[in-house]
file protein_35.cif (mmCIF, C-alpha atoms)
data_my_file
loop_
_atom_site.label_atom_id
_atom_site.label_comp_id
_atom_site.auth_asym_id
_atom_site.auth_seq_id
_atom_site.Cartn_x
_atom_site.Cartn_y
_atom_site.Cartn_z
CA MET X 164 0.78 -42.83 -4.44
CA THR X 165 0.10 -39.10 -4.10
CA THR X 166 -1.96 -37.74 -6.96
CA LYS X 167 -1.14 -34.57 -8.86
CA SER X 168 -4.02 -32.64 -7.30
CA GLU X 169 -3.08 -33.74 -3.77
CA PHE X 170 0.49 -32.79 -4.41
CA ALA X 171 -0.49 -29.43 -5.90
CA ALA X 172 -2.59 -28.72 -2.81
CA ALA X 173 0.41 -29.52 -0.59
CA LEU X 174 2.60 -27.20 -2.66
CA MET X 175 0.05 -24.41 -2.34
CA ALA X 176 -0.24 -24.92 1.40
CA GLU X 177 3.51 -24.64 1.69
CA ASN X 178 3.50 -21.44 -0.34
CA ARG X 179 0.84 -20.03 1.93
CA GLN X 180 3.03 -20.86 4.91
CA ARG X 181 5.94 -19.09 3.29
CA ARG X 182 3.57 -16.13 2.87
CA ILE X 183 4.46 -15.49 -0.74
CA GLU X 184 2.64 -12.34 -1.73
CA PRO X 185 0.77 -12.41 -5.07
CA PRO X 186 1.97 -9.69 -7.47
CA THR X 187 -0.02 -6.47 -7.43
CA ALA X 188 -2.11 -5.40 -10.43
CA GLU X 189 0.61 -2.89 -11.35
CA GLU X 190 3.34 -5.53 -11.19
CA MET X 191 1.20 -7.82 -13.32
CA LEU X 192 0.64 -5.13 -15.91
CA ALA X 193 4.37 -4.46 -16.16
CA PHE X 194 5.00 -8.21 -16.30
CA THR X 195 2.51 -8.89 -19.09
CA ARG X 196 3.76 -5.91 -21.08
CA GLY X 197 7.32 -7.22 -20.80
CA GLU X 198 8.49 -4.01 -19.15
CA LEU X 199 10.45 -5.66 -16.35
CA PRO X 200 14.15 -6.54 -16.34
CA PRO X 201 14.70 -10.32 -16.57
CA GLU X 202 15.50 -10.84 -12.85
CA GLU X 203 12.41 -8.94 -11.76
CA ALA X 204 10.23 -10.77 -14.29
CA ALA X 205 11.55 -14.09 -12.94
CA ARG X 206 10.64 -13.06 -9.39
CA ILE X 207 7.13 -12.09 -10.45
CA ARG X 208 6.74 -15.37 -12.35
CA GLU X 209 7.76 -17.31 -9.27
CA ARG X 210 5.25 -15.45 -7.10
CA LEU X 211 2.56 -16.07 -9.68
CA ILE X 212 3.26 -19.79 -9.86
CA ALA X 213 2.51 -19.93 -6.13
CA TYR X 214 -1.05 -18.96 -7.08
CA PRO X 215 -2.13 -21.17 -9.98
CA ASP X 216 -5.52 -19.45 -10.23
CA LEU X 217 -3.74 -16.21 -10.99
CA VAL X 218 -1.64 -17.91 -13.65
CA ARG X 219 -4.89 -19.11 -15.22
CA THR X 220 -6.03 -15.52 -15.68
CA LEU X 221 -3.14 -15.23 -18.13
CA THR X 222 -3.13 -18.65 -19.76
CA ALA X 223 -6.80 -19.57 -20.08
CA GLN X 224 -7.97 -19.62 -23.66
CA PHE X 225 -10.04 -16.51 -24.28
CA PRO X 226 -13.21 -17.24 -26.27
CA GLU X 227 -13.66 -16.24 -29.85
CA ALA X 228 -16.51 -13.99 -30.92
CA ALA X 229 -19.93 -15.50 -31.55
CA GLU X 230 -21.34 -14.38 -34.87
CA PRO X 231 -25.03 -13.53 -35.48
CA GLY X 232 -27.05 -16.75 -35.72
CA ASP X 233 -24.89 -18.45 -33.10
CA PRO X 234 -26.79 -19.27 -29.85
CA ASP X 235 -24.05 -17.42 -27.96
CA TYR X 236 -24.78 -14.21 -29.84
CA LEU X 237 -27.01 -12.02 -27.62
CA SER X 238 -30.54 -11.68 -28.98
CA ASP X 239 -32.21 -8.26 -28.95
CA ASP X 240 -34.11 -9.10 -25.78
CA GLU X 241 -31.05 -10.44 -23.98
CA PHE X 242 -29.06 -7.48 -25.11
CA ALA X 243 -31.68 -4.91 -24.01
CA GLY X 244 -31.78 -6.07 -20.36
CA ARG X 245 -28.04 -6.28 -19.91
CA TRP X 246 -27.35 -3.09 -21.80
CA ALA X 247 -29.81 -1.19 -19.59
CA ALA X 248 -28.08 -2.54 -16.45
CA LEU X 249 -24.73 -1.46 -17.82
CA GLN X 250 -25.98 2.01 -18.71
CA LYS X 251 -27.47 2.36 -15.24
CA ARG X 252 -24.18 1.41 -13.69
CA ARG X 253 -22.37 3.77 -16.01
CA GLN X 254 -24.40 6.69 -14.73
CA ARG X 255 -24.12 5.72 -11.09
CA PRO X 256 -21.10 4.32 -9.36
CA GLU X 257 -17.70 5.87 -10.02
CA GLY X 258 -19.06 9.39 -10.49
CA GLY X 259 -21.23 8.96 -7.40
CA ARG X 260 -18.31 7.86 -5.35
CA VAL X 261 -16.24 10.85 -6.46
CA LEU X 262 -19.09 13.17 -5.60
CA GLN X 263 -19.43 11.58 -2.17
CA PHE X 264 -15.72 11.92 -1.61
CA TRP X 265 -15.81 15.62 -2.44
CA ARG X 266 -18.85 16.07 -0.23
CA ALA X 267 -17.06 14.40 2.67
CA PHE X 268 -13.91 16.36 1.94
CA GLY X 269 -15.91 19.60 1.82
CA ALA X 270 -17.60 18.81 5.13
CA ILE X 271 -14.26 18.12 6.82
CA ALA X 272 -12.75 21.30 5.38
CA ALA X 273 -15.74 23.37 6.54
CA THR X 274 -15.48 21.91 10.05
CA LEU X 275 -11.76 22.65 10.16
CA ILE X 276 -12.36 26.23 9.04
CA VAL X 277 -14.92 26.74 11.81
CA VAL X 278 -12.65 25.17 14.48
CA LEU X 279 -9.51 27.02 13.36
CA GLY X 280 -11.46 30.27 13.02
CA GLY X 281 -12.70 29.84 16.59
CA MET X 282 -9.18 29.16 17.84
CA LEU X 283 -7.84 32.21 16.01
CA TRP X 284 -10.57 34.42 17.42
CA GLN X 285 -9.83 33.08 20.91
CA ALA X 286 -6.10 33.65 20.49
CA ARG X 287 -6.64 37.23 19.27
CA SER X 288 -8.96 37.90 22.20
CA GLU X 289 -6.32 36.52 24.58
CA LEU X 290 -3.65 38.72 23.06
CA LYS X 291 -5.83 41.82 23.44
CA LYS X 292 -6.30 41.18 27.16
CA PRO X 293 -3.82 42.91 29.48
CA HIS X 294 -1.45 40.28 30.91
CA ALA X 295 0.28 40.54 34.26
CA VAL X 296 3.95 39.66 34.25
CA TRP X 297 4.89 37.32 37.05
CA GLN X 298 8.56 38.05 37.35
CA GLN X 299 10.73 40.99 36.46
CA MET X 300 14.45 40.57 36.49
CA ASP X 301 17.41 42.82 35.86
CA LEU X 302 20.11 40.80 34.20
CA TRP X 303 23.80 41.54 34.36
CA PRO X 304 26.07 39.99 31.76
CA ASP X 305 28.02 36.84 32.57
CA GLY X 306 31.42 37.72 33.97
CA GLN X 307 30.23 41.13 35.16
CA ARG X 308 28.36 40.11 38.28
CA GLY X 309 31.20 39.54 40.67
CA PRO X 310 32.09 36.43 42.68
CA GLY X 311 29.36 34.67 44.68
CA ALA X 312 26.52 36.22 42.69
CA LYS X 313 23.32 34.20 42.72
CA SER X 314 22.12 32.68 39.48
CA TYR X 315 19.07 34.12 37.79
CA ASP X 316 16.30 31.68 38.62
CA LEU X 317 12.86 31.87 37.03
CA THR X 318 9.83 29.67 37.60
CA ALA X 319 8.49 27.59 34.74
CA GLY X 320 5.04 28.37 33.36
CA GLU X 321 5.10 32.10 34.13
CA SER X 322 5.59 35.28 32.11
CA TYR X 323 8.81 37.18 32.66
CA LEU X 324 10.00 40.68 32.01
CA LEU X 325 13.75 40.40 31.46
CA LEU X 326 15.86 43.53 31.48
CA PRO X 327 19.35 42.65 30.23
CA ARG X 328 21.76 45.50 30.92
CA LEU X 329 24.05 46.37 28.05
CA LEU X 330 27.57 47.00 29.28
CA ASN X 331 29.06 48.00 26.00
CA ASP X 332 30.03 51.45 24.90
CA GLN X 333 29.38 50.76 21.30
CA GLN X 334 25.96 51.89 20.16
CA PHE X 335 23.97 49.82 17.67
CA GLU X 336 20.93 50.76 15.62
CA SER X 337 19.03 47.93 17.25
CA TYR X 338 19.54 44.68 19.09
CA ARG X 339 18.40 41.11 18.74
CA VAL X 340 18.06 38.58 21.53
CA ASP X 341 18.42 34.80 21.23
CA ILE X 342 17.43 32.57 24.14
CA VAL X 343 19.35 29.32 23.66
CA ASP X 344 18.69 26.04 25.46
CA ALA X 345 22.09 25.21 26.99
CA ALA X 346 21.41 21.47 26.75
CA ASN X 347 20.39 21.68 23.10
CA PRO X 348 21.76 24.79 21.38
CA SER X 349 19.75 24.12 18.22
CA ARG X 350 16.63 24.98 20.23
CA ARG X 351 16.48 28.72 20.42
CA VAL X 352 13.88 31.46 20.64
CA ARG X 353 14.73 34.57 18.63
CA SER X 354 13.35 38.08 19.19
CA ASP X 355 12.57 40.77 16.64
CA ALA X 356 14.71 43.92 16.56
CA VAL X 357 14.68 45.67 19.97
CA ARG X 358 15.84 49.17 20.82
CA ARG X 359 17.92 50.04 23.84
CA GLY X 360 15.94 51.78 26.60
CA GLU X 361 16.89 55.00 28.32
CA THR X 362 18.16 53.05 31.33
CA GLY X 363 20.66 51.20 29.16
CA SER X 364 18.69 47.92 29.24
CA LEU X 365 16.65 46.00 26.71
CA VAL X 366 13.10 45.02 27.66
CA ILE X 367 12.18 41.43 26.79
CA VAL X 368 8.84 39.81 27.59
CA VAL X 369 8.88 36.00 27.65
CA GLY X 370 5.55 34.14 27.51
CA PRO X 371 4.65 31.34 29.96
CA GLU X 372 4.97 28.56 27.35
CA SER X 373 8.31 29.68 25.93
CA LEU X 374 10.76 28.18 28.39
CA LYS X 375 10.68 24.70 29.87
CA PRO X 376 12.69 23.94 33.02
CA GLY X 377 16.43 24.00 32.27
CA LYS X 378 19.42 26.26 31.77
CA TYR X 379 19.43 28.95 29.05
CA LYS X 380 21.85 31.44 27.59
CA LEU X 381 20.38 34.76 26.64
CA GLN X 382 22.57 36.19 23.88
CA VAL X 383 22.28 39.81 22.81
CA TYR X 384 23.51 40.82 19.36
CA GLY X 385 24.02 44.42 18.21
CA VAL X 386 22.70 45.09 14.69
CA ASN X 387 23.97 47.75 12.31
CA GLY X 388 22.41 47.34 8.88
CA ALA X 389 23.21 43.83 7.69
CA ARG X 390 26.01 43.46 10.22
CA GLN X 391 25.47 42.04 13.66
CA GLU X 392 27.86 41.11 16.44
CA PRO X 393 27.53 39.54 19.88
CA VAL X 394 27.32 42.06 22.69
CA ASN X 395 26.61 40.27 25.98
CA THR X 396 25.56 36.86 27.24
CA TYR X 397 23.40 36.15 30.30
CA THR X 398 22.80 32.77 31.95
CA ILE X 399 19.39 32.04 33.43
CA ARG X 400 17.80 28.96 34.95
CA VAL X 401 14.15 28.02 34.73
CA LEU X 402 13.06 25.88 37.65
CA GLU X 403 10.12 23.52 38.04
CA ARG X 404 7.08 25.07 39.66
CA MET Z 41 -19.53 3.34 -37.02
CA THR Z 42 -19.87 5.13 -33.68
CA ASN Z 43 -18.25 4.00 -30.46
CA ASP Z 44 -21.62 2.85 -29.17
CA ASP Z 45 -22.20 0.73 -32.28
CA ARG Z 46 -18.77 -0.84 -32.01
CA PHE Z 47 -19.25 -1.51 -28.34
CA GLN Z 48 -22.68 -3.06 -28.80
CA SER Z 49 -21.37 -5.30 -31.50
CA LEU Z 50 -18.60 -6.63 -29.23
CA TYR Z 51 -21.01 -6.91 -26.34
CA ARG Z 52 -23.37 -9.15 -28.31
CA LYS Z 53 -20.54 -11.27 -29.67
CA TYR Z 54 -18.64 -11.83 -26.45
CA TYR Z 55 -21.02 -11.52 -23.51
CA LYS Z 56 -22.17 -15.14 -23.16
CA ARG Z 57 -18.77 -16.58 -23.98
CA MET Z 58 -17.09 -14.38 -21.40
CA VAL Z 59 -19.54 -15.56 -18.77
CA ARG Z 60 -18.55 -19.11 -19.70
CA PHE Z 61 -14.89 -18.14 -19.67
CA TYR Z 62 -15.24 -17.07 -16.04
CA THR Z 63 -17.35 -20.01 -14.87
CA GLY Z 64 -15.25 -22.58 -16.73
CA THR Z 65 -11.80 -21.29 -15.89
CA PHE Z 66 -12.22 -19.85 -12.44
CA ARG Z 67 -15.04 -22.02 -11.12
CA VAL Z 68 -17.14 -19.02 -10.07
CA SER Z 69 -20.92 -19.12 -9.95
CA GLU Z 70 -23.01 -18.04 -12.91
CA GLU Z 71 -24.07 -14.95 -10.99
CA ASP Z 72 -20.48 -13.99 -10.17
CA ALA Z 73 -19.44 -14.63 -13.73
CA GLU Z 74 -22.17 -12.28 -15.00
CA GLU Z 75 -20.97 -9.65 -12.57
CA LEU Z 76 -17.36 -10.05 -13.71
CA THR Z 77 -18.44 -9.86 -17.34
CA GLN Z 78 -20.43 -6.68 -16.77
CA ASP Z 79 -17.48 -5.28 -14.84
CA ALA Z 80 -15.11 -6.01 -17.71
CA PHE Z 81 -17.45 -4.47 -20.29
CA PHE Z 82 -18.00 -1.48 -18.06
CA ARG Z 83 -14.26 -0.85 -17.85
CA PHE Z 84 -13.91 -1.42 -21.55
CA LEU Z 85 -16.66 1.07 -22.28
CA GLU Z 86 -15.07 3.66 -20.00
CA ALA Z 87 -11.67 3.25 -21.66
CA MET Z 88 -12.85 2.79 -25.21
CA ASP Z 89 -12.42 6.42 -26.22
CA GLU Z 90 -8.77 6.30 -25.31
CA TYR Z 91 -8.06 3.09 -27.18
CA ARG Z 92 -6.38 3.72 -30.51
CA GLY Z 93 -5.68 0.20 -31.80
CA ASP Z 94 -7.67 -1.79 -34.35
CA ALA Z 95 -8.06 -5.05 -32.43
CA GLU Z 96 -10.64 -4.01 -29.86
CA TRP Z 97 -11.32 -7.61 -28.95
CA ALA Z 98 -7.69 -7.92 -27.82
CA TYR Z 99 -8.16 -4.91 -25.60
CA LEU Z 100 -11.35 -6.41 -24.22
CA GLU Z 101 -9.47 -9.65 -23.56
CA ALA Z 102 -6.76 -7.83 -21.62
CA ILE Z 103 -9.40 -6.08 -19.51
CA ALA Z 104 -11.32 -9.31 -18.91
CA ARG Z 105 -8.17 -11.07 -17.70
CA ASN Z 106 -7.31 -8.13 -15.52
CA VAL Z 107 -10.76 -8.14 -13.93
CA ALA Z 108 -10.36 -11.83 -13.13
CA TYR Z 109 -6.87 -11.27 -11.77
CA ASN Z 110 -8.01 -8.51 -9.42
CA ARG Z 111 -10.96 -10.54 -8.19
CA ILE Z 112 -8.88 -13.64 -7.46
CA ARG Z 113 -6.04 -11.69 -5.93
CA SER Z 114 -8.39 -9.84 -3.60
CA GLN Z 115 -9.91 -13.17 -2.53
CA LYS Z 116 -6.46 -14.64 -1.84
CA THR Z 117 -5.31 -11.67 0.18
CA ALA Z 118 -8.66 -11.48 2.02
CA LYS Z 119 -8.30 -15.13 3.00
CA ARG Z 120 -4.84 -14.52 4.40
CA GLY Z 121 -6.11 -11.60 6.43
CA ALA Z 122 -9.11 -13.54 7.68
CA ASP Z 123 -10.17 -13.12 11.28
CA THR Z 124 -8.99 -15.70 13.76
CA VAL Z 125 -11.21 -17.06 16.48
CA ASN Z 126 -10.34 -17.91 20.00
CA ILE Z 127 -10.90 -21.60 20.54
CA ASP Z 128 -11.84 -20.86 24.14
CA ASP Z 129 -14.62 -18.61 22.93
CA ARG Z 130 -17.93 -20.11 24.08
CA ASN Z 131 -19.67 -18.70 21.01
CA CYS Z 132 -17.24 -20.39 18.71
CA VAL Z 133 -18.89 -23.43 17.17
CA PRO Z 134 -16.24 -25.98 16.22
CA GLU Z 135 -16.43 -27.67 12.87
CA PRO Z 136 -17.40 -31.32 13.10
CA VAL Z 137 -14.41 -33.58 13.35
CA ALA Z 138 -13.66 -35.41 10.14
CA PRO Z 139 -13.94 -39.17 10.39
CA ALA Z 140 -10.61 -40.88 10.92
CA GLU Z 141 -8.92 -42.07 7.76
CA PRO Z 142 -8.78 -45.82 7.64
CA ASP Z 143 -5.17 -46.08 6.60
CA TYR Z 144 -3.12 -43.77 8.78
CA ALA Z 145 0.19 -45.42 7.89
CA GLN Z 146 -0.45 -44.92 4.19
CA ARG Z 147 -1.23 -41.24 4.74
CA GLU Z 148 1.94 -40.75 6.73
CA GLN Z 149 3.95 -42.40 4.01
CA ASP Z 150 2.36 -40.17 1.36
CA ALA Z 151 3.06 -37.09 3.44
CA ILE Z 152 6.74 -38.01 3.78
CA ARG Z 153 7.00 -38.73 0.07
CA SER Z 154 5.29 -35.44 -0.74
CA LYS Z 155 7.69 -33.54 1.52
CA ARG Z 156 10.73 -35.15 -0.08
CA LEU Z 157 9.39 -34.33 -3.51
CA ARG Z 158 8.74 -30.68 -2.57
CA ASP Z 159 12.27 -30.35 -1.25
CA ALA Z 160 13.67 -31.91 -4.40
CA ILE Z 161 11.61 -29.55 -6.59
CA ALA Z 162 12.94 -26.56 -4.66
CA GLU Z 163 16.46 -27.60 -5.70
CA LEU Z 164 15.68 -27.86 -9.43
CA PRO Z 165 17.03 -25.28 -11.88
CA GLN Z 166 14.55 -22.42 -12.18
CA GLY Z 167 13.23 -23.26 -15.67
CA SER Z 168 12.55 -26.88 -14.81
CA ARG Z 169 11.10 -25.95 -11.44
CA GLU Z 170 8.61 -23.54 -12.99
CA ALA Z 171 7.56 -26.05 -15.63
CA ILE Z 172 7.05 -28.91 -13.19
CA GLN Z 173 5.11 -26.77 -10.72
CA LEU Z 174 2.72 -25.69 -13.48
CA TRP Z 175 2.41 -29.28 -14.71
CA LEU Z 176 1.55 -30.42 -11.18
CA ASN Z 177 -1.18 -27.80 -11.13
CA ASP Z 178 -2.70 -29.31 -14.25
CA PHE Z 179 -1.67 -26.72 -16.77
CA THR Z 180 -1.47 -28.07 -20.28
CA TYR Z 181 1.77 -27.97 -22.24
CA ASP Z 182 0.28 -25.19 -24.34
CA GLU Z 183 -0.57 -23.12 -21.29
CA ILE Z 184 2.85 -23.68 -19.74
CA ALA Z 185 4.49 -22.62 -22.99
CA ARG Z 186 2.35 -19.48 -23.17
CA PHE Z 187 3.00 -18.51 -19.58
CA LEU Z 188 6.74 -19.11 -19.66
CA GLY Z 189 7.06 -17.64 -23.13
CA ILE Z 190 8.82 -20.69 -24.53
CA THR Z 191 8.08 -23.22 -27.27
CA LEU Z 192 6.12 -26.40 -26.78
CA ASP Z 193 9.28 -28.43 -27.40
CA ALA Z 194 11.09 -26.43 -24.72
CA VAL Z 195 8.29 -27.22 -22.26
CA LYS Z 196 8.53 -30.94 -23.02
CA SER Z 197 12.28 -30.82 -22.67
CA ARG Z 198 12.17 -28.98 -19.33
CA LEU Z 199 9.59 -31.37 -17.96
CA ARG Z 200 11.56 -34.38 -19.13
CA ASP Z 201 14.71 -33.03 -17.47
CA ALA Z 202 12.85 -32.17 -14.27
CA LYS Z 203 11.29 -35.60 -13.96
CA LYS Z 204 14.60 -37.29 -14.67
CA ILE Z 205 16.39 -35.29 -11.97
CA LEU Z 206 13.60 -35.83 -9.46
CA ARG Z 207 13.50 -39.59 -10.01
CA ALA Z 208 17.27 -39.78 -9.68
CA ARG Z 209 17.29 -37.71 -6.49
CA LEU Z 210 14.44 -39.59 -4.90
CA GLY Z 211 15.75 -42.96 -6.03
CA ASP Z 212 12.23 -44.05 -6.86
CA SER Z 213 10.69 -44.33 -10.29
CA ASN Z 214 7.23 -43.98 -8.73
CA ALA Z 215 8.13 -40.90 -6.74
CA LEU Z 216 6.30 -38.50 -9.04
CA PRO Z 217 2.55 -38.09 -8.69
CA GLU Z 218 0.39 -39.95 -11.11
CA ASP Z 219 -0.77 -38.10 -14.17
CA GLU Z 220 -4.53 -37.82 -13.89
CA GLU Z 221 -5.06 -37.00 -17.54
#

call {"tool": "encode", "arguments": {"input": "protein_35.cif", "output": "structure tokens"}}
result
Amino acid sequence: MTTKSEFAAALMAENRQRRIEPPTAEEMLAFTRGELPPEEAARIRERLIAYPDLVRTLTAQFPEAAEPGDPDYLSDDEFAGRWAALQKRRQRPEGGRVLQFWRAFGAIAATLIVVLGGMLWQARSELKKPHAVWQQMDLWPDGQRGPGAKSYDLTAGESYLLLPRLLNDQQFESYRVDIVDAANPSRRVRSDAVRRGETGSLVIVVGPESLKPGKYKLQVYGVNGARQEPVNTYTIRVLER
Amino acid sequence: MTNDDRFQSLYRKYYKRMVRFYTGTFRVSEEDAEELTQDAFFRFLEAMDEYRGDAEWAYLEAIARNVAYNRIRSQKTAKRGADTVNIDDRNCVPEPVAPAEPDYAQREQDAIRSKRLRDAIAELPQGSREAIQLWLNDFTYDEIARFLGITLDAVKSRLRDAKKILRARLGDSNALPEDEE
């Protein structure tokens, strides 16, 4: 005959196999306060029963107070030692840990500031340097280049000076240029306001990291106050190096 | 009476009995029990200013139970996440093999009976299932009643029903484990 303790051990082993998770401290708190809806409380109870030791933390009879004169009542000497240990702990741990956390956090923040500051300084220095433009290209609008015209091919990883010609009689206060990835139109690079040059072209500088290999539509919009309208579109290709 | 006075009074009255509460109920060592007790009092002391009720001992009790719960839960979860060892590892020292049980057939029979009983318990109505599982883990009727939030009579009734169903399903009046009390 299997005894109760053997059987209980088998039940526990099975629960372990089923990987029943013991309730968290927060779940327990809500459970003991009766804050859970009945179905949830039942689920927590079931998970608890899988861990009898945890159930005992709730059901074990809590002792009553020992009154002075009882051997369980701490004497002055017994009290003094334990009280001192408690006071020592009170001054030390949690506060210490918080302080250490803030120290560590401060050190990380300081390191980040130094690194980011260095990167910013480097970037500003780079921007101040004169940069050679690898390719310059006059662009004619789509549909205006005649049959058999070659496509505008650029090489990836270089800087370009693009000069889109504006074949539109209407004059605008300024222009804006969007470079749209033809394969994914949501990916676009947008310029600030640009003015039309004396030659009738816009002058656009594109950095080496801006365009990955692929096909792009360069869309020029004319801007008058809050109003803007499409003017011309140019198709370009960026090829692998 | 200042907070410190009130705290010291509770500390003197409860300290030793809480140590015993931990050793007796959770089978921890005296040293661990002292640590748990200090931990509970420490938390109580930290939270005492915010406590507005009259029954401070009840608040202390809730904290003491919570401290025990967290300790046991962390041990359970730590055990589950324990490292595994490679049995081919040369540095791995195997545990000595336990001596063979004399009555293998009897053990097999017990294992089969235990499996059938577990399956039958799983099919019990929830109330009866909870009661019988607690009873198998040696909880007293009082403790079962307290945990399930039902009366003592309800506990007895659920256990009676559970045992009746189990015996009927297993077709064996001796199918239930012996009561060791």

call {"tool": "resolve_selection", "arguments": {"input": "protein_35.cif", "expression": "the PyMOL selection byres ((chain X and resi 178) around 12)", "output": "number ranges by chain"}}
result
X: 171-177, 179-185, 209-215; Z: 120, 158, 162, 173

call {"tool": "interface_residues", "arguments": {"input": "protein_35.cif", "of": "chain Z", "to": "chain X", "cutoff": "7 Å", "atoms": "only C-alpha atoms", "output": "list of chain:residue names"}}
result
Z:Arg52, Z:Lys53, Z:Tyr54, Z:Lys56, Z:Arg57, Z:Met58, Z:Phe61, Z:Thr65, Z:Gln78, Z:Phe82, Z:Glu101, Z:Arg105, Z:Ala108, Z:Tyr109, Z:Asn110, Z:Ile112, Z:Arg113, Z:Asp150, Z:Ser154, Z:Leu174, Z:Leu176, Z:Asn177, Z:Glu183, Z:Arg186, Z:Phe187, Z:Pro217, Z:Glu218, Z:Asp219, Z:Glu220

call {"tool": "atom_distance", "arguments": {"input": "protein_35.cif", "atom1": "CA of Gln391 (chain X)", "atom2": "CA of Glu336 (chain X)"}}
result
10.0 Å

call {"tool": "atom_distance", "arguments": {"input": "protein_35.cif", "atom1": "CA of Ser168 (chain Z)", "atom2": "CA of Leu199 (chain Z)"}}
result
6.2 Å

call {"tool": "closest_residue", "arguments": {"input": "protein_35.cif", "among": "X:Ala319, X:Val340, X:Ala286, X:Val366", "to": "Leu381 (chain X)", "atoms": "all atoms listed in the file"}}
result
X:Val340

call {"tool": "atom_distance", "arguments": {"input": "protein_35.cif", "atom1": "CA of Leu330 (chain X)", "atom2": "CA of Gly388 (chain X)"}}
result
21.0 Å

call {"tool": "resolve_selection", "arguments": {"input": "protein_35.cif", "expression": "the PyMOL selection byres ((chain X and resi 314) around 9)", "output": "list in words"}}
result
Ala312, Lys313, Tyr315, Asp316, Thr398, Ile399 and Arg400 of chain X

call {"tool": "write_last_selection", "arguments": {"input": "protein_35.cif", "atoms": "C-alpha atoms", "output": "mmCIF file, keeping the file's coordinate frame"}}
result
data_model
loop_
_atom_site.group_PDB
_atom_site.id
_atom_site.type_symbol
_atom_site.label_atom_id
_atom_site.label_comp_id
_atom_site.auth_asym_id
_atom_site.auth_seq_id
_atom_site.Cartn_x
_atom_site.Cartn_y
_atom_site.Cartn_z
ATOM 1 C CA ALA X 312 26.520 36.220 42.690
ATOM 2 C CA LYS X 313 23.320 34.200 42.720
ATOM 3 C CA TYR X 315 19.070 34.120 37.790
ATOM 4 C CA ASP X 316 16.300 31.680 38.620
ATOM 5 C CA THR X 398 22.800 32.770 31.950
ATOM 6 C CA ILE X 399 19.390 32.040 33.430
ATOM 7 C CA ARG X 400 17.800 28.960 34.950
#

call {"tool": "residues_around", "arguments": {"input": "protein_35.cif", "residues": "region 353-363 of chain X", "least_positions_apart": "2", "cutoff": "10 Å", "atoms": "all atoms listed in the file", "output": "ChimeraX atom specification"}}
result
/X:326-331,334-343,350-351,365-369,381-386

call {"tool": "write_last_selection", "arguments": {"input": "protein_35.cif", "atoms": "C-alpha atoms", "output": "short mmCIF file (atom, residue, chain, number, x, y, z; two decimals), keeping the file's coordinate frame"}}
result
data_model
loop_
_atom_site.label_atom_id
_atom_site.label_comp_id
_atom_site.auth_asym_id
_atom_site.auth_seq_id
_atom_site.Cartn_x
_atom_site.Cartn_y
_atom_site.Cartn_z
CA LEU X 326 15.86 43.53 31.48
CA PRO X 327 19.35 42.65 30.23
CA ARG X 328 21.76 45.50 30.92
CA LEU X 329 24.05 46.37 28.05
CA LEU X 330 27.57 47.00 29.28
CA ASN X 331 29.06 48.00 26.00
CA GLN X 334 25.96 51.89 20.16
CA PHE X 335 23.97 49.82 17.67
CA GLU X 336 20.93 50.76 15.62
CA SER X 337 19.03 47.93 17.25
CA TYR X 338 19.54 44.68 19.09
CA ARG X 339 18.40 41.11 18.74
CA VAL X 340 18.06 38.58 21.53
CA ASP X 341 18.42 34.80 21.23
CA ILE X 342 17.43 32.57 24.14
CA VAL X 343 19.35 29.32 23.66
CA ARG X 350 16.63 24.98 20.23
CA ARG X 351 16.48 28.72 20.42
CA LEU X 365 16.65 46.00 26.71
CA VAL X 366 13.10 45.02 27.66
CA ILE X 367 12.18 41.43 26.79
CA VAL X 368 8.84 39.81 27.59
CA VAL X 369 8.88 36.00 27.65
CA LEU X 381 20.38 34.76 26.64
CA GLN X 382 22.57 36.19 23.88
CA VAL X 383 22.28 39.81 22.81
CA TYR X 384 23.51 40.82 19.36
CA GLY X 385 24.02 44.42 18.21
CA VAL X 386 22.70 45.09 14.69
#

call {"tool": "residues_around", "arguments": {"input": "protein_35.cif", "residues": "Ser197 (chain Z)", "least_positions_apart": "2", "cutoff": "12 Å", "atoms": "all atoms listed in the file", "output": "mmCIF file with C-alpha atoms, in the frame of the given file"}}
result
data_model
loop_
_atom_site.group_PDB
_atom_site.id
_atom_site.type_symbol
_atom_site.label_atom_id
_atom_site.label_comp_id
_atom_site.auth_asym_id
_atom_site.auth_seq_id
_atom_site.Cartn_x
_atom_site.Cartn_y
_atom_site.Cartn_z
ATOM 1 C CA GLY Z 167 13.230 -23.260 -15.670
ATOM 2 C CA SER Z 168 12.550 -26.880 -14.810
ATOM 3 C CA ALA Z 171 7.560 -26.050 -15.630
ATOM 4 C CA ILE Z 172 7.050 -28.910 -13.190
ATOM 5 C CA TYR Z 181 1.770 -27.970 -22.240
ATOM 6 C CA ALA Z 185 4.490 -22.620 -22.990
ATOM 7 C CA ILE Z 190 8.820 -20.690 -24.530
ATOM 8 C CA THR Z 191 8.080 -23.220 -27.270
ATOM 9 C CA LEU Z 192 6.120 -26.400 -26.780
ATOM 10 C CA ASP Z 193 9.280 -28.430 -27.400
ATOM 11 C CA ALA Z 194 11.090 -26.430 -24.720
ATOM 12 C CA VAL Z 195 8.290 -27.220 -22.260
ATOM 13 C CA LEU Z 199 9.590 -31.370 -17.960
ATOM 14 C CA ARG Z 200 11.560 -34.380 -19.130
ATOM 15 C CA ASP Z 201 14.710 -33.030 -17.470
ATOM 16 C CA ALA Z 202 12.850 -32.170 -14.270
ATOM 17 C CA LYS Z 203 11.290 -35.600 -13.960
ATOM 18 C CA LYS Z 204 14.600 -37.290 -14.670
#
